[in-house]
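One file, data.cif, carrying mmCIF, C-alpha atoms:
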data_run
#
loop_
_atom_site.label_atom_id
_atom_site.label_comp_id
_atom_site.auth_asym_id
_atom_site.auth_seq_id
_atom_site.Cartn_x
_atom_site.Cartn_y
_atom_site.Cartn_z
CA MET A 10 58.70 32.56 179.29
CA ALA A 11 55.02 31.59 179.37
CA ASP A 12 54.53 33.48 182.64
CA LEU A 13 56.19 36.56 181.13
CA ILE A 14 53.90 36.42 178.11
CA GLU A 15 50.84 36.14 180.35
CA LYS A 16 51.93 39.18 182.35
CA LEU A 17 52.32 41.19 179.14
CA PHE A 18 48.71 40.48 178.24
CA LYS A 19 47.31 41.01 181.75
CA ILE A 20 46.85 44.72 181.23
CA SER A 21 44.15 46.36 183.29
CA PHE A 22 43.32 50.01 183.96
CA LYS A 23 40.42 52.38 184.54
CA ILE A 24 39.68 55.37 182.36
CA LEU A 25 36.69 57.75 182.46
CA GLY A 26 35.05 55.35 184.90
CA PHE A 27 35.36 52.36 182.53
CA LYS A 28 37.34 49.26 183.53
CA ILE A 29 39.56 48.04 180.67
CA ASP A 30 40.93 44.51 181.01
CA ILE A 31 42.88 43.23 178.00
CA GLY A 32 42.98 39.73 179.50
CA ASP A 33 39.17 39.68 179.54
CA PHE A 34 38.96 41.44 176.19
CA VAL A 35 35.54 40.15 175.11
CA GLY A 36 34.02 40.77 178.55
CA THR A 37 35.37 44.33 178.50
CA ILE A 38 33.78 45.07 175.13
CA ARG A 39 30.42 43.73 176.28
CA LYS A 40 30.50 45.88 179.41
CA LEU A 41 31.35 48.96 177.33
CA CYS A 42 28.24 48.28 175.23
CA ASN A 43 25.93 48.05 178.24
CA TRP A 44 23.77 51.12 178.79
CA ASP A 45 23.75 50.71 182.57
CA THR A 46 27.56 50.65 182.60
CA ILE A 47 27.77 53.82 180.51
CA THR A 48 25.33 55.82 182.65
CA SER A 49 27.09 54.81 185.88
CA THR A 50 30.37 56.48 184.87
CA THR A 51 31.52 59.99 185.72
CA ILE A 52 31.83 61.02 182.07
CA TRP A 53 28.09 60.58 181.60
CA ASN A 54 27.61 63.62 183.87
CA LEU A 55 29.12 65.61 181.00
CA ALA A 56 26.14 64.74 178.77
CA THR A 57 23.71 65.67 181.55
CA ASN A 58 25.37 69.02 182.26
CA ILE A 59 25.69 70.06 178.62
CA HIS A 60 22.10 69.02 177.92
CA SER A 61 20.79 71.35 180.62
CA ILE A 62 22.63 74.23 178.89
CA ILE A 63 21.43 73.30 175.39
CA VAL A 64 17.72 73.00 176.33
CA PRO A 65 17.18 76.83 176.48
CA ILE A 66 18.98 77.16 173.13
CA GLY A 67 16.71 74.47 171.69
CA LEU A 68 13.64 76.30 172.97
CA SER A 69 14.89 79.54 171.41
CA LEU A 70 15.36 77.79 168.07
CA LEU A 71 11.94 76.22 168.45
CA THR A 72 10.37 79.67 168.89
CA LEU A 73 12.30 81.03 165.92
CA PHE A 74 11.27 78.22 163.59
CA PHE A 75 7.69 78.40 164.86
CA LEU A 76 7.50 82.12 164.03
CA LEU A 77 9.08 81.55 160.61
CA ASP A 78 6.67 78.76 159.84
CA LEU A 79 3.69 80.79 161.08
CA THR A 80 4.78 83.82 159.06
CA LYS A 81 5.13 81.68 155.97
CA LYS A 82 1.57 80.36 156.38
CA ILE A 83 0.11 83.83 157.02
CA MET A 84 1.83 85.29 153.95
CA ASP A 85 0.37 82.51 151.86
CA TYR A 86 -3.06 84.04 152.47
CA GLU A 87 -4.72 82.17 149.62
CA ARG A 88 -4.16 78.86 151.38
CA MET A 89 -4.28 80.17 154.95
CA SER A 90 -6.91 78.73 157.27
CA TRP A 91 -7.46 78.66 160.99
CA GLU A 92 -6.98 74.89 160.89
CA ARG A 93 -3.44 75.27 159.57
CA VAL A 94 -2.62 77.92 162.19
CA VAL A 95 -4.03 75.80 165.01
CA PHE A 96 -2.09 72.78 163.74
CA THR A 97 1.11 74.84 163.74
CA CYS A 98 0.48 75.91 167.34
CA ILE A 99 -0.22 72.34 168.43
CA ARG A 100 2.98 71.27 166.68
CA PHE A 101 4.86 73.95 168.63
CA PHE A 102 3.65 72.70 172.01
CA ILE A 103 4.37 69.06 171.10
CA PHE A 104 7.95 69.85 170.14
CA LYS A 105 8.36 72.07 173.19
CA MET A 106 7.46 69.09 175.35
CA LEU A 107 9.85 66.86 173.38
CA ILE A 108 12.73 69.32 173.83
CA GLU A 109 12.16 69.72 177.56
CA ASN A 110 12.02 65.93 177.97
CA SER A 111 14.52 65.01 175.26
CA PHE A 112 16.95 63.44 177.73
CA GLU A 113 14.21 61.20 179.13
CA LEU A 114 13.01 60.37 175.60
CA LEU A 115 16.42 59.19 174.45
CA SER A 116 16.97 57.36 177.75
CA SER A 117 13.74 55.44 177.15
CA ILE A 118 14.94 54.45 173.68
CA MET A 119 18.27 53.27 175.04
CA SER A 120 16.57 51.33 177.85
CA ILE A 121 14.51 49.42 175.29
CA THR A 122 17.54 48.63 173.14
CA ASN A 123 19.53 47.71 176.26
CA ASP A 124 16.85 45.18 177.14
CA ILE A 125 17.42 43.63 173.71
CA LEU A 126 21.17 43.67 174.43
CA SER A 127 20.66 41.89 177.77
CA LYS A 128 18.63 39.13 176.11
CA VAL A 129 21.18 38.72 173.31
CA THR A 130 24.07 38.62 175.81
CA SER A 131 22.25 36.08 177.98
CA SER A 132 21.56 33.87 174.97
CA ILE A 133 25.17 34.07 173.82
CA SER A 134 26.65 33.45 177.29
CA SER A 135 24.73 30.17 177.58
CA THR A 136 26.25 28.81 174.36
CA ALA A 137 29.83 30.16 174.29
CA SER A 138 32.42 30.78 177.00
CA ILE A 139 34.56 33.91 177.08
CA PRO A 140 38.24 33.03 176.49
CA ASP A 141 40.97 34.53 178.69
CA LEU A 142 43.47 36.12 176.31
CA ALA A 143 46.44 36.10 178.70
CA THR A 144 46.02 32.38 179.42
CA GLN A 145 45.65 31.61 175.72
CA MET A 146 48.86 33.42 174.83
CA GLY A 147 50.70 31.68 177.67
CA ASP A 148 49.41 28.29 176.45
CA LEU A 149 50.81 29.01 172.99
CA VAL A 150 54.29 29.02 174.56
CA ARG A 151 53.65 26.03 176.84
CA ASP A 152 52.33 23.91 173.97
CA ALA A 153 55.11 24.84 171.55
CA GLY A 154 57.19 21.75 172.40
CA GLY A 155 60.74 21.63 173.70
CA LEU A 156 62.70 24.36 175.43
CA ILE A 157 64.05 25.81 172.17
CA ASP A 158 60.61 25.76 170.55
CA ARG A 159 59.06 27.46 173.57
CA GLY A 160 61.78 30.13 173.51
CA PHE A 161 61.28 30.65 169.78
CA MET A 162 57.52 30.97 170.21
CA GLY A 163 58.01 33.45 173.05
CA VAL A 164 60.27 35.60 170.85
CA ILE A 165 57.70 35.51 167.99
CA ILE A 166 54.94 36.67 170.36
CA LEU A 167 57.18 39.47 171.67
CA ILE A 168 57.90 40.62 168.10
CA LEU A 169 54.19 40.57 167.19
CA TYR A 170 53.14 42.08 170.51
CA ILE A 171 53.00 45.70 169.31
CA PRO A 172 50.90 45.09 166.15
CA PHE A 173 48.77 42.64 168.15
CA MET A 174 48.02 45.22 170.84
CA GLY A 175 47.56 47.89 168.17
CA THR A 176 44.70 45.86 166.69
CA MET A 177 43.08 45.40 170.11
CA ILE A 178 43.38 49.10 170.92
CA GLY A 179 41.82 49.87 167.54
CA ILE A 180 38.84 47.69 168.47
CA LEU A 181 38.45 49.42 171.84
CA VAL A 182 38.64 52.84 170.17
CA GLN A 183 35.72 51.90 167.90
CA VAL A 184 33.66 50.78 170.89
CA PHE A 185 34.54 54.01 172.73
CA LEU A 186 33.55 55.94 169.61
CA ARG A 187 29.98 54.68 170.09
CA ILE A 188 30.03 55.97 173.67
CA GLY A 189 31.23 59.34 172.40
CA LYS A 190 28.37 59.44 169.88
CA LEU A 191 25.89 58.70 172.67
CA ILE A 192 27.24 61.51 174.84
CA LEU A 193 27.07 64.02 171.97
CA SER A 194 23.59 62.86 170.91
CA PHE A 195 22.19 63.23 174.42
CA ALA A 196 23.99 66.50 175.12
CA PHE A 197 22.86 68.29 171.94
CA SER A 198 19.52 66.51 171.39
CA PRO A 199 17.36 69.68 171.81
CA ILE A 200 18.84 71.23 168.64
CA PRO A 201 17.83 68.60 166.02
CA ILE A 202 14.46 68.18 167.75
CA ALA A 203 13.88 71.96 167.58
CA ILE A 204 14.69 71.98 163.87
CA GLY A 205 11.98 69.35 163.44
CA THR A 206 9.28 71.89 164.26
CA TRP A 207 10.12 73.74 161.06
CA GLU A 208 8.16 72.37 158.14
CA ASP A 209 11.26 72.23 155.94
CA GLY A 210 13.31 70.50 158.65
CA GLN A 211 11.01 67.66 159.63
CA ASN A 212 13.41 64.97 158.43
CA VAL A 213 16.21 66.30 160.65
CA CYS A 214 14.39 65.31 163.84
CA LYS A 215 13.32 61.97 162.38
CA ARG A 216 16.87 61.11 161.27
CA PHE A 217 18.22 62.09 164.68
CA ILE A 218 15.79 59.81 166.55
CA MET A 219 16.49 56.94 164.15
CA SER A 220 20.26 57.44 164.49
CA THR A 221 19.87 57.16 168.28
CA ILE A 222 17.93 53.93 167.83
CA ALA A 223 20.74 52.76 165.54
CA LEU A 224 23.30 53.42 168.31
CA GLY A 225 21.23 51.23 170.63
CA ILE A 226 20.93 48.40 168.10
CA GLU A 227 24.64 48.69 167.33
CA ALA A 228 25.46 47.47 170.86
CA SER A 229 23.68 44.15 170.25
CA MET A 230 25.45 43.77 166.92
CA ILE A 231 28.83 44.35 168.56
CA VAL A 232 28.05 41.70 171.19
CA VAL A 233 27.13 39.22 168.44
CA ALA A 234 30.44 40.06 166.74
CA THR A 235 32.31 39.26 169.98
CA ALA A 236 30.37 35.98 170.19
CA ILE A 237 31.61 35.02 166.71
CA TYR A 238 35.12 35.99 167.81
CA SER A 239 34.91 33.95 171.03
CA LEU A 240 33.51 30.91 169.23
CA SER A 241 36.29 31.13 166.65
CA LEU A 242 38.95 31.21 169.38
CA THR A 243 37.48 28.30 171.36
CA THR A 244 37.09 26.11 168.26
CA LEU A 245 40.58 26.78 166.90
CA SER A 246 42.26 23.37 166.43
CA ASP A 247 44.72 21.35 164.33
CA ALA A 248 47.25 24.19 164.43
CA SER A 249 50.76 24.56 165.76
CA SER A 250 51.59 27.31 168.26
CA LEU A 251 52.82 29.62 165.51
CA SER A 252 49.78 28.90 163.35
CA SER A 253 47.51 29.54 166.32
CA MET A 254 49.21 32.90 166.92
CA ILE A 255 48.65 33.90 163.29
CA ALA A 256 45.04 32.70 163.52
CA ILE A 257 44.42 34.81 166.63
CA MET A 258 45.84 37.90 164.91
CA PHE A 259 43.61 37.18 161.91
CA LEU A 260 40.56 36.89 164.19
CA ASN A 261 41.47 40.18 165.90
CA GLY A 262 41.51 41.89 162.50
CA PHE A 263 38.23 40.17 161.63
CA LEU A 264 36.63 41.42 164.86
CA MET A 265 37.81 44.98 164.20
CA ALA A 266 36.33 44.84 160.68
CA MET A 267 33.01 43.49 162.00
CA ILE A 268 32.72 46.17 164.70
CA SER A 269 33.54 48.95 162.22
CA MET A 270 30.79 47.55 159.98
CA THR A 271 28.09 47.48 162.69
CA SER A 272 27.63 51.26 162.75
CA ASN A 273 26.85 51.50 159.03
CA MET A 274 24.61 48.43 159.15
CA ALA A 275 22.57 49.76 162.08
CA GLU A 276 22.10 53.14 160.40
CA LYS A 277 21.02 51.53 157.13
CA TRP A 278 18.53 49.27 158.89
CA THR A 279 16.95 52.15 160.80
CA GLY A 280 17.21 54.69 158.00
CA GLY A 281 19.21 56.99 160.29
#
As a first step, turn the structure in this file into C-alpha coordinates.
Amino acid sequence: MADLIEKLFKISFKILGFKIDIGDFVGTIRKLCNWDTITSTTIWNLATNIHSIIVPIGLSLLTLFFLLDLTKKIMDYERMSWERVVFTCIRFFIFKMLIENSFELLSSIMSITNDILSKVTSSISSTASIPDLATQMGDLVRDAGGLIDRGFMGVIILILYIPFMGTMIGILVQVFLRIGKLILSFAFSPIPIAIGTWEDGQNVCKRFIMSTIALGIEASMIVVATAIYSLSLTTLSDASSLSSMIAIMFLNGFLMAMISMTSNMAEKWTGG
(Lines of atoms letter the chains of each structure in order from A and count residues from 1; the text may use other names and numbers.)
(Lines give C-alpha, C1' and ligand atoms only; values in the text may rest on other atoms or scores of the structure.)
Protein backbone atom coordinates (compact mmCIF):
# COMPACT_ATOMS: atom_id res chain seq x y z
CA MET A 1 0.00 0.00 0.00
CA ALA A 2 2.81 2.41 0.88
CA ASP A 3 4.46 1.82 -2.51
CA LEU A 4 1.15 2.50 -4.26
CA ILE A 5 0.72 5.76 -2.36
CA GLU A 6 4.25 6.84 -3.29
CA LYS A 7 3.58 6.14 -6.97
CA LEU A 8 0.43 8.26 -6.83
CA PHE A 9 2.45 11.23 -5.62
CA LYS A 10 5.39 10.69 -7.99
CA ILE A 11 3.81 12.73 -10.75
CA SER A 12 6.20 14.37 -13.17
CA PHE A 13 5.65 16.04 -16.53
CA LYS A 14 6.91 18.87 -18.72
CA ILE A 15 4.74 21.71 -19.95
CA LEU A 16 5.73 24.86 -21.87
CA GLY A 17 9.35 23.94 -21.20
CA PHE A 18 8.86 23.79 -17.41
CA LYS A 19 9.52 20.57 -15.47
CA ILE A 20 6.76 19.87 -12.93
CA ASP A 21 7.56 17.30 -10.25
CA ILE A 22 4.89 16.87 -7.57
CA GLY A 23 7.25 14.68 -5.52
CA ASP A 24 9.74 17.56 -5.38
CA PHE A 25 6.98 20.13 -4.94
CA VAL A 26 9.01 22.82 -3.16
CA GLY A 27 11.94 22.44 -5.55
CA THR A 28 9.57 22.79 -8.51
CA ILE A 29 8.11 26.03 -7.18
CA ARG A 30 11.56 27.50 -6.60
CA LYS A 31 12.64 26.64 -10.14
CA LEU A 32 9.48 28.24 -11.55
CA CYS A 33 10.40 31.45 -9.70
CA ASN A 34 13.92 31.58 -11.13
CA TRP A 35 14.38 34.13 -13.90
CA ASP A 36 17.01 32.04 -15.69
CA THR A 37 14.61 29.07 -15.78
CA ILE A 38 11.81 31.20 -17.23
CA THR A 39 13.93 32.73 -20.01
CA SER A 40 15.31 29.34 -21.05
CA THR A 41 11.86 27.97 -21.97
CA THR A 42 10.22 27.99 -25.38
CA ILE A 43 7.24 30.04 -24.19
CA TRP A 44 9.52 32.98 -23.44
CA ASN A 45 10.03 33.34 -27.21
CA LEU A 46 6.38 34.42 -27.29
CA ALA A 47 7.21 37.52 -25.22
CA THR A 48 10.18 38.30 -27.47
CA ASN A 49 8.19 37.95 -30.70
CA ILE A 50 5.20 39.98 -29.52
CA HIS A 51 7.48 42.69 -28.15
CA SER A 52 9.10 43.19 -31.55
CA ILE A 53 5.61 43.78 -33.01
CA ILE A 54 4.50 46.15 -30.24
CA VAL A 55 7.61 48.39 -30.40
CA PRO A 56 6.47 50.19 -33.63
CA ILE A 57 3.02 50.66 -32.07
CA GLY A 58 4.65 52.12 -28.97
CA LEU A 59 6.69 54.51 -31.10
CA SER A 60 3.53 55.60 -32.94
CA LEU A 61 1.80 56.29 -29.63
CA LEU A 62 4.89 58.11 -28.43
CA THR A 63 4.76 60.41 -31.48
CA LEU A 64 1.03 60.99 -31.00
CA PHE A 65 1.36 61.91 -27.33
CA PHE A 66 4.40 64.06 -28.08
CA LEU A 67 2.44 66.06 -30.68
CA LEU A 68 -0.55 66.39 -28.34
CA ASP A 69 1.66 67.57 -25.52
CA LEU A 70 3.53 69.99 -27.80
CA THR A 71 0.27 71.36 -29.20
CA LYS A 72 -1.06 71.87 -25.70
CA LYS A 73 2.02 73.88 -24.73
CA ILE A 74 1.94 75.99 -27.90
CA MET A 75 -1.75 76.82 -27.44
CA ASP A 76 -1.02 77.95 -23.92
CA TYR A 77 0.95 80.84 -25.41
CA GLU A 78 0.95 82.88 -22.22
CA ARG A 79 3.10 80.28 -20.48
CA MET A 80 4.93 79.03 -23.57
CA SER A 81 8.71 79.30 -23.60
CA TRP A 82 11.50 77.78 -25.61
CA GLU A 83 12.69 76.02 -22.46
CA ARG A 84 9.41 74.13 -22.15
CA VAL A 85 9.48 73.17 -25.84
CA VAL A 86 13.08 71.98 -25.62
CA PHE A 87 12.28 69.99 -22.48
CA THR A 88 9.36 68.33 -24.29
CA CYS A 89 11.65 67.36 -27.18
CA ILE A 90 14.28 65.97 -24.82
CA ARG A 91 11.54 64.01 -23.06
CA PHE A 92 10.48 62.59 -26.43
CA PHE A 93 13.97 61.29 -27.25
CA ILE A 94 14.42 59.82 -23.76
CA PHE A 95 11.18 57.87 -23.99
CA LYS A 96 11.97 56.84 -27.55
CA MET A 97 15.18 55.27 -26.27
CA LEU A 98 13.29 53.60 -23.41
CA ILE A 99 10.72 52.10 -25.79
CA GLU A 100 13.33 50.77 -28.19
CA ASN A 101 15.25 49.22 -25.29
CA SER A 102 12.28 48.35 -23.09
CA PHE A 103 12.97 44.61 -23.26
CA GLU A 104 16.56 45.13 -22.10
CA LEU A 105 15.39 47.56 -19.40
CA LEU A 106 12.95 45.08 -17.88
CA SER A 107 15.49 42.26 -18.25
CA SER A 108 17.97 44.31 -16.22
CA ILE A 109 15.37 44.81 -13.49
CA MET A 110 14.60 41.10 -13.39
CA SER A 111 18.31 40.21 -13.31
CA ILE A 112 18.77 42.38 -10.22
CA THR A 113 15.76 40.87 -8.46
CA ASN A 114 16.88 37.38 -9.52
CA ASP A 115 20.22 38.02 -7.83
CA ILE A 116 18.28 38.76 -4.64
CA LEU A 117 16.32 35.52 -5.21
CA SER A 118 19.54 33.51 -5.59
CA LYS A 119 20.92 34.88 -2.32
CA VAL A 120 17.64 34.21 -0.49
CA THR A 121 17.45 30.66 -1.91
CA SER A 122 21.07 29.97 -0.97
CA SER A 123 20.49 31.21 2.57
CA ILE A 124 17.34 29.11 2.93
CA SER A 125 18.90 25.95 1.45
CA SER A 126 21.67 26.01 4.06
CA THR A 127 19.17 25.99 6.94
CA ALA A 128 16.28 23.80 5.75
CA SER A 129 16.11 20.66 3.63
CA ILE A 130 13.49 20.16 0.92
CA PRO A 131 11.11 17.31 1.86
CA ASP A 132 10.17 14.66 -0.70
CA LEU A 133 6.36 14.58 -0.76
CA ALA A 134 6.02 11.06 -2.19
CA THR A 135 8.29 9.58 0.49
CA GLN A 136 6.45 11.49 3.22
CA MET A 137 3.07 10.17 2.12
CA GLY A 138 4.45 6.64 1.90
CA ASP A 139 5.90 6.96 5.43
CA LEU A 140 2.47 7.94 6.74
CA VAL A 141 1.24 4.47 5.73
CA ARG A 142 4.36 2.64 6.94
CA ASP A 143 4.23 4.33 10.35
CA ALA A 144 0.50 3.80 10.85
CA GLY A 145 1.00 0.59 12.86
CA GLY A 146 -0.39 -2.86 12.11
CA LEU A 147 -1.66 -4.21 8.81
CA ILE A 148 -5.23 -3.00 9.41
CA ASP A 149 -4.05 0.45 10.47
CA ARG A 150 -1.81 0.73 7.42
CA GLY A 151 -4.69 -0.31 5.16
CA PHE A 152 -7.01 2.20 6.84
CA MET A 153 -4.45 4.98 6.46
CA GLY A 154 -3.96 4.09 2.80
CA VAL A 155 -7.71 4.32 2.19
CA ILE A 156 -7.88 7.73 3.95
CA ILE A 157 -5.06 9.06 1.75
CA LEU A 158 -6.80 7.74 -1.38
CA ILE A 159 -10.05 9.47 -0.33
CA LEU A 160 -8.24 12.76 0.34
CA TYR A 161 -6.04 12.43 -2.74
CA ILE A 162 -8.23 14.54 -5.05
CA PRO A 163 -8.67 17.54 -2.70
CA PHE A 164 -5.00 17.21 -1.73
CA MET A 165 -3.85 17.38 -5.35
CA GLY A 166 -6.38 20.13 -6.04
CA THR A 167 -4.67 22.31 -3.44
CA MET A 168 -1.23 21.61 -4.92
CA ILE A 169 -2.44 22.38 -8.45
CA GLY A 170 -3.94 25.62 -7.14
CA ILE A 171 -0.52 26.58 -5.76
CA LEU A 172 1.19 25.81 -9.07
CA VAL A 173 -1.42 27.83 -10.97
CA GLN A 174 -0.64 30.88 -8.82
CA VAL A 175 3.09 30.49 -9.50
CA PHE A 176 2.37 30.10 -13.24
CA LEU A 177 0.19 33.21 -13.05
CA ARG A 178 3.31 35.22 -12.15
CA ILE A 179 5.06 33.82 -15.23
CA GLY A 180 2.07 34.84 -17.35
CA LYS A 181 2.24 38.37 -15.92
CA LEU A 182 5.93 38.55 -16.79
CA ILE A 183 5.31 37.47 -20.38
CA LEU A 184 2.52 40.04 -20.83
CA SER A 185 4.55 42.81 -19.16
CA PHE A 186 7.56 42.21 -21.39
CA ALA A 187 5.51 41.72 -24.55
CA PHE A 188 3.43 44.92 -24.21
CA SER A 189 5.96 47.08 -22.32
CA PRO A 190 6.30 49.73 -25.10
CA ILE A 191 2.66 50.82 -24.65
CA PRO A 192 2.71 51.95 -20.96
CA ILE A 193 6.15 53.48 -21.48
CA ALA A 194 4.85 55.45 -24.49
CA ILE A 195 1.93 56.75 -22.44
CA GLY A 196 4.48 58.05 -19.94
CA THR A 197 5.69 60.66 -22.41
CA TRP A 198 2.31 62.38 -22.17
CA GLU A 199 2.25 64.86 -19.33
CA ASP A 200 -1.10 63.57 -18.08
CA GLY A 201 0.05 59.94 -18.25
CA GLN A 202 3.34 60.11 -16.37
CA ASN A 203 2.14 57.87 -13.55
CA VAL A 204 1.23 55.07 -15.99
CA CYS A 205 4.86 54.45 -16.91
CA LYS A 206 5.99 54.75 -13.29
CA ARG A 207 3.35 52.28 -12.07
CA PHE A 208 4.29 49.86 -14.85
CA ILE A 209 7.99 49.89 -13.94
CA MET A 210 7.18 49.49 -10.23
CA SER A 211 4.78 46.62 -10.97
CA THR A 212 7.59 44.85 -12.85
CA ILE A 213 9.89 45.33 -9.87
CA ALA A 214 7.09 43.91 -7.71
CA LEU A 215 6.97 40.77 -9.89
CA GLY A 216 10.70 40.32 -9.32
CA ILE A 217 10.43 40.79 -5.55
CA GLU A 218 7.43 38.44 -5.47
CA ALA A 219 9.69 35.53 -6.48
CA SER A 220 11.81 35.94 -3.34
CA MET A 221 8.69 36.16 -1.21
CA ILE A 222 7.34 32.94 -2.73
CA VAL A 223 10.63 31.17 -1.99
CA VAL A 224 10.48 32.35 1.64
CA ALA A 225 6.91 31.01 1.80
CA THR A 226 8.13 27.60 0.57
CA ALA A 227 10.87 27.72 3.23
CA ILE A 228 8.23 28.20 5.94
CA TYR A 229 6.28 25.31 4.40
CA SER A 230 9.35 23.03 4.28
CA LEU A 231 10.34 23.88 7.85
CA SER A 232 6.80 23.16 9.03
CA LEU A 233 6.82 19.75 7.34
CA THR A 234 10.25 18.73 8.68
CA THR A 235 9.41 19.80 12.25
CA LEU A 236 6.01 18.08 12.34
CA SER A 237 6.04 15.73 15.37
CA ASP A 238 3.94 14.16 18.14
CA ALA A 239 1.21 13.25 15.66
CA SER A 240 -0.33 10.01 14.48
CA SER A 241 -0.38 9.14 10.78
CA LEU A 242 -3.92 10.50 10.37
CA SER A 243 -3.06 13.67 12.29
CA SER A 244 0.05 14.12 10.15
CA MET A 245 -2.04 13.79 6.99
CA ILE A 246 -4.45 16.48 8.22
CA ALA A 247 -1.49 18.66 9.21
CA ILE A 248 0.05 18.34 5.73
CA MET A 249 -3.25 19.32 4.10
CA PHE A 250 -3.47 22.30 6.45
CA LEU A 251 0.08 23.35 5.52
CA ASN A 252 -0.76 23.03 1.80
CA GLY A 253 -3.68 25.41 2.30
CA PHE A 254 -1.44 27.71 4.32
CA LEU A 255 1.16 27.75 1.52
CA MET A 256 -1.50 28.54 -1.08
CA ALA A 257 -2.76 31.45 1.06
CA MET A 258 0.78 32.80 1.54
CA ILE A 259 1.59 32.65 -2.19
CA SER A 260 -1.68 34.36 -3.11
CA MET A 261 -0.79 37.09 -0.61
CA THR A 262 2.73 37.73 -1.98
CA SER A 263 1.49 39.50 -5.13
CA ASN A 264 -0.51 42.11 -3.20
CA MET A 265 2.28 42.59 -0.67
CA ALA A 266 4.93 43.15 -3.34
CA GLU A 267 2.74 45.67 -5.18
CA LYS A 268 1.98 47.57 -1.97
CA TRP A 269 5.66 47.70 -1.01
CA THR A 270 6.71 49.04 -4.41
CA GLY A 271 3.68 51.25 -4.94
CA GLY A 272 2.93 49.41 -8.19
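The set of residues that the PyMOL selection byres ((chain A and resi 22-34) around 7) takes from this file is Phe18, Lys19, Ile20, Ser21, Val35, Gly36, Thr37, Ile38, Thr50, Thr51, Ile52, Asp141, Leu142 and Ala143 of chain A.
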Check which residues satisfy the PyMOL selection byres ((chain A and resi 104) around 8) in the file shown, then give them as a list in words. Leu71, Arg100, Phe101, Phe102, Ile103, Lys105, Met106, Leu107, Ile108, Ile202, Ala203, Gly205 and Thr206 of chain A
From CA of Ile222 in chain A to CA of Ile200 in chain A the spacing works out at 17.3 Å
Using Å and a single decimal, report how far CA of Pro172 in chain A sits from CA of Glu227 in chain A. 26.5 Å
For this structure, which residues satisfy the selection - the PyMOL selection byres ((chain A and resi 97) around 10) - when it is evaluated on the file as given? I want them as a ChimeraX atom specification. /A:75-76,78-79,82,91-96,98-103,206-208
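You will find CA of Leu126 in chain A at 8.5 Å from CA of Cys42 in chain A.
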Pick the closest to Glu276 in chain A from A:Leu17, A:Leu181, A:Met219, A:Leu70: which is it, counting all atoms listed in the file? A:Met219
So, with only C-alpha atoms as the atoms that count, which of A:Leu191, A:Ile14, A:Ile180, A:Ile83 lies closest to Ile165 in chain A?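 That would be A:Ile14, the residue with the smallest distance to Ile165 in chain A.
Comparing A:Ala256, A:Lys277, A:Gly163, A:Ala228 by their smallest distance to Val184 in chain A, the closest is A:Ala228 (using all atoms listed in the file).
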